[in-house]
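**Q** I am sharing my_file.pdb, which consists of PDB, C-alpha atoms, pLDDT in the B column:
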ATOM      1  CA  MET A 216     185.618 206.734  44.464  1.00 42.00           C
ATOM      2  CA  GLN A 217     184.241 203.906  42.368  1.00 47.00           C
ATOM      3  CA  SER A 218     184.591 200.363  43.586  1.00 50.00           C
ATOM      4  CA  PHE A 219     186.513 197.833  41.539  1.00 50.00           C
ATOM      5  CA  TYR A 220     183.403 196.210  40.062  1.00 57.00           C
ATOM      6  CA  GLU A 221     181.608 199.499  39.351  1.00 70.00           C
ATOM      7  CA  ARG A 222     184.316 200.261  36.794  1.00 70.00           C
ATOM      8  CA  PHE A 223     183.348 197.262  34.633  1.00 75.00           C
ATOM      9  CA  LEU A 224     181.167 198.173  31.671  1.00 73.00           C
ATOM     10  CA  LEU A 225     178.021 196.144  31.020  1.00 79.00           C
ATOM     11  CA  ASP A 226     179.627 194.362  28.073  1.00 86.00           C
ATOM     12  CA  ILE A 227     182.438 192.993  30.237  1.00 89.00           C
ATOM     13  CA  THR A 228     180.019 191.742  32.902  1.00 88.00           C
ATOM     14  CA  GLN A 229     178.176 189.927  30.109  1.00 92.00           C
ATOM     15  CA  VAL A 230     181.486 188.332  29.085  1.00 94.00           C
ATOM     16  CA  PHE A 231     181.738 186.836  32.582  1.00 93.00           C
ATOM     17  CA  ASP A 232     178.205 185.450  32.230  1.00 93.00           C
ATOM     18  CA  PHE A 233     179.034 183.921  28.842  1.00 94.00           C
ATOM     19  CA  ALA A 234     182.344 182.570  30.189  1.00 95.00           C
ATOM     20  CA  THR A 235     180.388 180.849  32.960  1.00 95.00           C
ATOM     21  CA  LEU A 236     178.139 179.236  30.337  1.00 93.00           C
ATOM     22  CA  GLU A 237     181.184 178.133  28.338  1.00 91.00           C
ATOM     23  CA  ALA A 238     182.796 176.624  31.444  1.00 92.00           C
ATOM     24  CA  ARG A 239     179.608 174.785  32.380  1.00 91.00           C
ATOM     25  CA  ARG A 240     179.218 173.537  28.808  1.00 87.00           C
ATOM     26  CA  VAL A 241     182.449 171.563  29.171  1.00 86.00           C
ATOM     27  CA  GLY A 242     181.837 170.601  32.797  1.00 87.00           C
ATOM     28  CA  SER A 243     184.586 172.754  34.320  1.00 89.00           C
ATOM     29  CA  VAL A 244     184.449 173.744  37.986  1.00 92.00           C
ATOM     30  CA  TYR A 245     186.443 176.919  37.244  1.00 94.00           C
ATOM     31  CA  ILE A 246     186.255 179.757  34.756  1.00 96.00           C
ATOM     32  CA  GLU A 247     189.577 179.626  32.921  1.00 95.00           C
ATOM     33  CA  PRO A 248     191.137 182.303  30.684  1.00 96.00           C
ATOM     34  CA  GLU A 249     190.047 180.230  27.686  1.00 95.00           C
ATOM     35  CA  HIS A 250     186.413 180.513  28.832  1.00 95.00           C
ATOM     36  CA  LEU A 251     186.846 184.285  29.141  1.00 96.00           C
ATOM     37  CA  LEU A 252     188.133 184.391  25.569  1.00 96.00           C
ATOM     38  CA  LEU A 253     185.115 182.398  24.422  1.00 94.00           C
ATOM     39  CA  GLY A 254     182.935 184.795  26.419  1.00 95.00           C
ATOM     40  CA  LEU A 255     184.399 187.655  24.385  1.00 95.00           C
ATOM     41  CA  THR A 256     183.105 186.076  21.166  1.00 93.00           C
ATOM     42  CA  HIS A 257     179.429 186.207  22.172  1.00 92.00           C
ATOM     43  CA  ASP A 258     178.819 189.917  21.578  1.00 91.00           C
ATOM     44  CA  ALA A 259     179.870 190.974  18.096  1.00 91.00           C
ATOM     45  CA  ASP A 260     179.245 194.620  19.027  1.00 92.00           C
ATOM     46  CA  SER A 261     181.643 194.710  21.996  1.00 93.00           C
ATOM     47  CA  LYS A 262     184.740 196.898  21.763  1.00 94.00           C
ATOM     48  CA  ALA A 263     187.026 193.835  21.710  1.00 95.00           C
ATOM     49  CA  ASN A 264     185.125 192.476  18.704  1.00 93.00           C
ATOM     50  CA  GLN A 265     185.085 195.847  16.968  1.00 93.00           C
ATOM     51  CA  LEU A 266     188.868 196.120  17.331  1.00 95.00           C
ATOM     52  CA  PHE A 267     189.936 192.486  16.923  1.00 96.00           C
ATOM     53  CA  ALA A 268     187.088 190.654  15.113  1.00 94.00           C
ATOM     54  CA  LEU A 269     186.955 187.729  17.548  1.00 93.00           C
ATOM     55  CA  ALA A 270     183.333 186.650  17.003  1.00 91.00           C
ATOM     56  CA  PRO A 271     183.892 184.956  13.629  1.00 91.00           C
ATOM     57  CA  HIS A 272     186.487 182.701  15.286  1.00 88.00           C
ATOM     58  CA  ALA A 273     184.215 181.393  18.071  1.00 87.00           C
ATOM     59  CA  GLU A 274     183.881 177.835  16.767  1.00 85.00           C
ATOM     60  CA  SER A 275     187.558 177.668  15.904  1.00 85.00           C
ATOM     61  CA  PHE A 276     188.377 178.808  19.452  1.00 83.00           C
ATOM     62  CA  ARG A 277     186.183 176.068  20.909  1.00 82.00           C
ATOM     63  CA  LYS A 278     187.838 173.399  18.777  1.00 81.00           C
ATOM     64  CA  GLN A 279     191.440 174.521  19.232  1.00 77.00           C
ATOM     65  CA  LEU A 280     191.539 175.728  22.827  1.00 69.00           C
ATOM     66  CA  GLN A 281     192.186 172.713  24.941  1.00 62.00           C
ATOM     67  CA  VAL A 282     190.685 173.648  28.283  1.00 58.00           C
ATOM     68  CA  PRO A 283     191.264 170.991  30.933  1.00 54.00           C
ATOM     69  CA  ILE A 284     187.919 169.616  32.014  1.00 52.00           C
ATOM     70  CA  GLN A 285     187.431 169.277  35.739  1.00 51.00           C
ATOM     71  CA  THR A 286     184.093 167.726  36.504  1.00 51.00           C
ATOM     72  CA  ALA A 287     182.019 169.262  39.224  1.00 50.00           C
ATOM     73  CA  GLN A 288     180.619 167.231  42.066  1.00 52.00           C
ATOM     74  CA  ASN A 289     178.293 170.130  42.915  1.00 48.00           C
ATOM     75  CA  ALA A 290     174.963 171.056  41.409  1.00 44.00           C
ATOM     76  CA  PRO A 291     175.270 172.965  38.116  1.00 51.00           C
ATOM     77  CA  THR A 292     173.636 176.048  39.675  1.00 58.00           C
ATOM     78  CA  VAL A 293     176.639 176.699  41.921  1.00 68.00           C
ATOM     79  CA  GLU A 294     178.486 179.855  40.909  1.00 84.00           C
ATOM     80  CA  LEU A 295     181.790 179.050  39.260  1.00 93.00           C
ATOM     81  CA  PRO A 296     184.931 180.703  40.641  1.00 95.00           C
ATOM     82  CA  LEU A 297     187.730 182.092  38.517  1.00 96.00           C
ATOM     83  CA  SER A 298     190.828 179.919  38.305  1.00 97.00           C
ATOM     84  CA  SER A 299     194.122 181.430  39.476  1.00 97.00           C
ATOM     85  CA  ALA A 300     195.082 182.169  35.884  1.00 97.00           C
ATOM     86  CA  ALA A 301     191.723 183.850  35.212  1.00 97.00           C
ATOM     87  CA  LYS A 302     192.092 185.931  38.385  1.00 97.00           C
ATOM     88  CA  ARG A 303     195.496 187.110  37.196  1.00 98.00           C
ATOM     89  CA  ALA A 304     194.039 187.944  33.782  1.00 97.00           C
ATOM     90  CA  VAL A 305     191.339 190.057  35.462  1.00 96.00           C
ATOM     91  CA  ALA A 306     193.976 191.843  37.565  1.00 96.00           C
ATOM     92  CA  TYR A 307     195.960 192.517  34.375  1.00 97.00           C
ATOM     93  CA  THR A 308     192.729 193.806  32.803  1.00 96.00           C
ATOM     94  CA  VAL A 309     192.452 196.507  35.458  1.00 94.00           C
ATOM     95  CA  GLU A 310     196.137 197.419  34.963  1.00 95.00           C
ATOM     96  CA  GLU A 311     195.642 197.667  31.207  1.00 96.00           C
ATOM     97  CA  ALA A 312     192.676 200.023  31.613  1.00 94.00           C
ATOM     98  CA  HIS A 313     194.830 202.132  33.928  1.00 93.00           C
ATOM     99  CA  ARG A 314     197.652 202.221  31.327  1.00 92.00           C
ATOM    100  CA  VAL A 315     195.377 204.003  28.868  1.00 91.00           C
ATOM    101  CA  ARG A 316     193.832 206.160  31.598  1.00 90.00           C
ATOM    102  CA  SER A 317     190.424 204.570  31.188  1.00 90.00           C
ATOM    103  CA  THR A 318     188.161 204.672  34.228  1.00 87.00           C
ATOM    104  CA  PRO A 319     185.613 202.281  32.761  1.00 89.00           C
ATOM    105  CA  ILE A 320     186.978 198.811  32.124  1.00 91.00           C
ATOM    106  CA  GLY A 321     185.822 197.213  28.892  1.00 94.00           C
ATOM    107  CA  THR A 322     186.223 194.110  26.820  1.00 96.00           C
ATOM    108  CA  GLU A 323     189.261 195.539  25.017  1.00 96.00           C
ATOM    109  CA  HIS A 324     191.074 195.730  28.366  1.00 96.00           C
ATOM    110  CA  LEU A 325     190.045 192.148  29.154  1.00 97.00           C
ATOM    111  CA  LEU A 326     191.576 190.988  25.883  1.00 98.00           C
ATOM    112  CA  LEU A 327     194.834 192.711  26.872  1.00 98.00           C
ATOM    113  CA  GLY A 328     194.670 191.073  30.299  1.00 98.00           C
ATOM    114  CA  LEU A 329     194.201 187.673  28.664  1.00 98.00           C
ATOM    115  CA  LEU A 330     197.201 188.308  26.415  1.00 98.00           C
ATOM    116  CA  ARG A 331     199.338 188.967  29.492  1.00 98.00           C
ATOM    117  CA  GLU A 332     198.399 185.705  31.235  1.00 97.00           C
ATOM    118  CA  ASN A 333     201.146 183.280  30.287  1.00 94.00           C
ATOM    119  CA  HIS A 334     199.678 180.331  32.205  1.00 94.00           C
ATOM    120  CA  SER A 335     197.005 179.751  29.585  1.00 94.00           C
ATOM    121  CA  THR A 336     196.831 178.891  25.918  1.00 92.00           C
ATOM    122  CA  VAL A 337     195.116 182.184  25.032  1.00 95.00           C
ATOM    123  CA  PRO A 338     198.206 184.291  24.136  1.00 96.00           C
ATOM    124  CA  ALA A 339     199.658 181.589  21.876  1.00 93.00           C
ATOM    125  CA  PHE A 340     196.322 180.972  20.209  1.00 90.00           C
ATOM    126  CA  LEU A 341     195.681 184.676  19.593  1.00 95.00           C
ATOM    127  CA  ALA A 342     199.194 184.960  18.157  1.00 94.00           C
ATOM    128  CA  THR A 343     198.141 182.531  15.412  1.00 90.00           C
ATOM    129  CA  LEU A 344     195.521 185.152  14.466  1.00 91.00           C
ATOM    130  CA  GLY A 345     198.138 187.894  14.425  1.00 94.00           C
ATOM    131  CA  ILE A 346     197.071 189.352  17.778  1.00 96.00           C
ATOM    132  CA  ASP A 347     199.951 189.920  20.189  1.00 97.00           C
ATOM    133  CA  LEU A 348     200.179 192.062  23.300  1.00 97.00           C
ATOM    134  CA  HIS A 349     202.198 194.923  21.806  1.00 96.00           C
ATOM    135  CA  SER A 350     200.071 195.353  18.674  1.00 96.00           C
ATOM    136  CA  ALA A 351     196.849 194.918  20.664  1.00 97.00           C
ATOM    137  CA  ARG A 352     197.928 197.564  23.160  1.00 96.00           C
ATOM    138  CA  ASN A 353     198.646 199.940  20.313  1.00 96.00           C
ATOM    139  CA  ARG A 354     195.275 199.291  18.708  1.00 96.00           C
ATOM    140  CA  VAL A 355     193.530 199.981  22.046  1.00 96.00           C
ATOM    141  CA  ARG A 356     195.677 203.102  22.584  1.00 95.00           C
ATOM    142  CA  GLN A 357     194.847 204.436  19.129  1.00 95.00           C
ATOM    143  CA  ASP A 358     191.150 203.742  19.661  1.00 94.00           C
ATOM    144  CA  ALA A 359     191.379 205.767  22.899  1.00 92.00           C
ATOM    145  CA  GLY A 360     193.013 208.639  21.006  1.00 92.00           C
ATOM    146  CA  LEU A 361     196.492 207.965  22.378  1.00 91.00           C
ATOM    147  CA  PRO A 362     199.642 207.587  20.277  1.00 93.00           C
ATOM    148  CA  ALA A 363     200.996 204.140  19.505  1.00 91.00           C
ATOM    149  CA  LEU A 364     204.126 203.056  21.348  1.00 88.00           C
ATOM    150  CA  GLU A 365     207.198 201.962  19.394  1.00 84.00           C
ATOM    151  CA  ASP A 366     208.480 199.810  22.237  1.00 71.00           C
ATOM    152  CA  GLU A 367     207.611 199.246  25.842  1.00 61.00           C
ATOM    153  CA  PRO A 368     210.827 199.324  27.865  1.00 48.00           C
ATOM    154  CA  GLY A 369     210.551 197.659  31.238  1.00 47.00           C
ATOM    155  CA  SER A 370     207.114 196.217  30.555  1.00 49.00           C
ATOM    156  CA  GLU A 371     206.289 192.611  31.092  1.00 50.00           C
ATOM    157  CA  PRO A 372     204.820 190.463  28.343  1.00 46.00           C
TER     158      PRO A 372
END
Kindly present the structure from the file in structure tokens form.
**A**
Amino acid sequence: MQSFYERFLLDITQVFDFATLEARRVGSVYIEPEHLLLGLTHDADSKANQLFALAPHAESFRKQLQVPIQTAQNAPTVELPLSSAAKRAVAYTVEEAHRVRSTPIGTEHLLLGLLRENHSTVPAFLATLGIDLHSARNRVRQDAGLPALEDEPGSEP
């Protein structure tokens, strides 16, 4: 059986690296969901960018996403932990991959996980681009060769 982290594709591990750079750029001591979204914009060839065209919006994301800045007292080389909201988004990411029966976890699943995390500005911001959880799930399902869902009874936002 694969461990949790072995299921992450290389492109999603690179997103975490880019999210760390984004968090450090603004002096945050945590990686927030907003940093993960910015991390998704770095690789134009990732599945999330192929499906949702996030990369062209990178600068707009930086300007409009108001990530609280928490200055670090530690040296900048210290590894940054995920905030509680980012941890939940990662947990949702794994659930979303499971929903479409995908063993590997990719950037498209991370985007779905970020859309589920209501304690961040990411879902509202993506909604301004026409990306909501239901339509994004259907796009990921269709890309995986699964039928789109009309509605999702009993599912959480």
**Q** Can you work out which one of A:Leu297, A:Thr336, A:Gln279, A:Arg352 has the shortest atom-to-atom distance to Glu311 in chain A, counting all atoms listed in the file?
**A**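 Looking only at the distances to Glu311 in chain A, the closest residue turns out to be A:Arg352.
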**Q** Have a look at A:Leu269, A:Ile246, A:Ala259, A:Ile320 and name the one nearest to Phe340 in chain A; count only C-alpha atoms.
**A**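 Ranked by minimum distance to Phe340 in chain A, first place goes to A:Leu269.
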**Q** For Val230 in chain A, which residue among A:Val315, A:Leu330, A:Val305, A:Val244 is the nearest when counting only C-alpha atoms?
**A** A:Val305
**Q** Determine the nearest neighbour of Val337 in chain A from the options A:Leu252, A:Arg240, A:Ala304, A:Asp358, counting all atoms listed in the file.
**A**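 Using all atoms listed in the file, the shortest distance to Val337 in chain A belongs to A:Leu252.
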**Q** Write out as an NGL selection string which residues come within 10 Å of range 344-351 of chain A when counting only C-alpha atoms, dropping same-chain ones fewer than 6 positions away.
**A** :A and (263 or 266-267 or 269 or 272 or 323-324 or 326-331 or 338 or 357 or 363-367 or 371-372)
**Q** Which residue out of A:Leu295, A:Glu221, A:Arg314, A:Arg239 has the minimum interatomic distance to Val355 in chain A when all atoms listed in the file are used?
**A**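 Going through A:Leu295, A:Glu221, A:Arg314, A:Arg239 one by one, the smallest distance to Val355 in chain A is for A:Arg314.
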**Q** What is the CA of Glu332 in chain A-CA of Phe231 in chain A distance in Å, reported with one decimal?
**A**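 Separation of CA of Glu332 in chain A and CA of Phe231 in chain A: 16.8 Å.
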**Q** Please measure the separation of CA of Ala300 in chain A and CA of Pro248 in chain A, giving the value in Å to one decimal.
**A**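 Those two atoms sit 6.5 Å apart.
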**Q** Output, as lines of an AutoDock Vina configuration file, the centre and edge lengths in Å (one decimal) of the axis-aligned box that contains all listed atoms of range 300-317 of chain A with 6 Å of margin on each side.
**A**
center_x = 194.0
center_y = 194.2
center_z = 33.6
size_x = 19.2
size_y = 36.0
size_z = 21.5
**Q** Quick one, how far is CA of Gln229 in chain A from CA of Ala270 in chain A?
**A**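 Separating CA of Gln229 in chain A from CA of Ala270 in chain A is a distance of 14.5 Å.
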**Q** Find the residues around Leu236 in chain A up to 12 Å (only C-alpha atoms counted), leave out those fewer than 6 positions away in its own chain, and share them as JSON, numbers by chain.
**A** {"A": [229, 230, 242, 243, 244, 245, 246, 247, 250, 251, 253, 254, 257, 291, 292, 293, 294, 295]}
**Q** Counting only C-alpha atoms, figure out which residue out of A:Thr343, A:Asn353, A:Ser275, A:Ser298 gets nearest to Thr256 in chain A.
**A**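 Among the listed residues, A:Ser275 lies closest to Thr256 in chain A.
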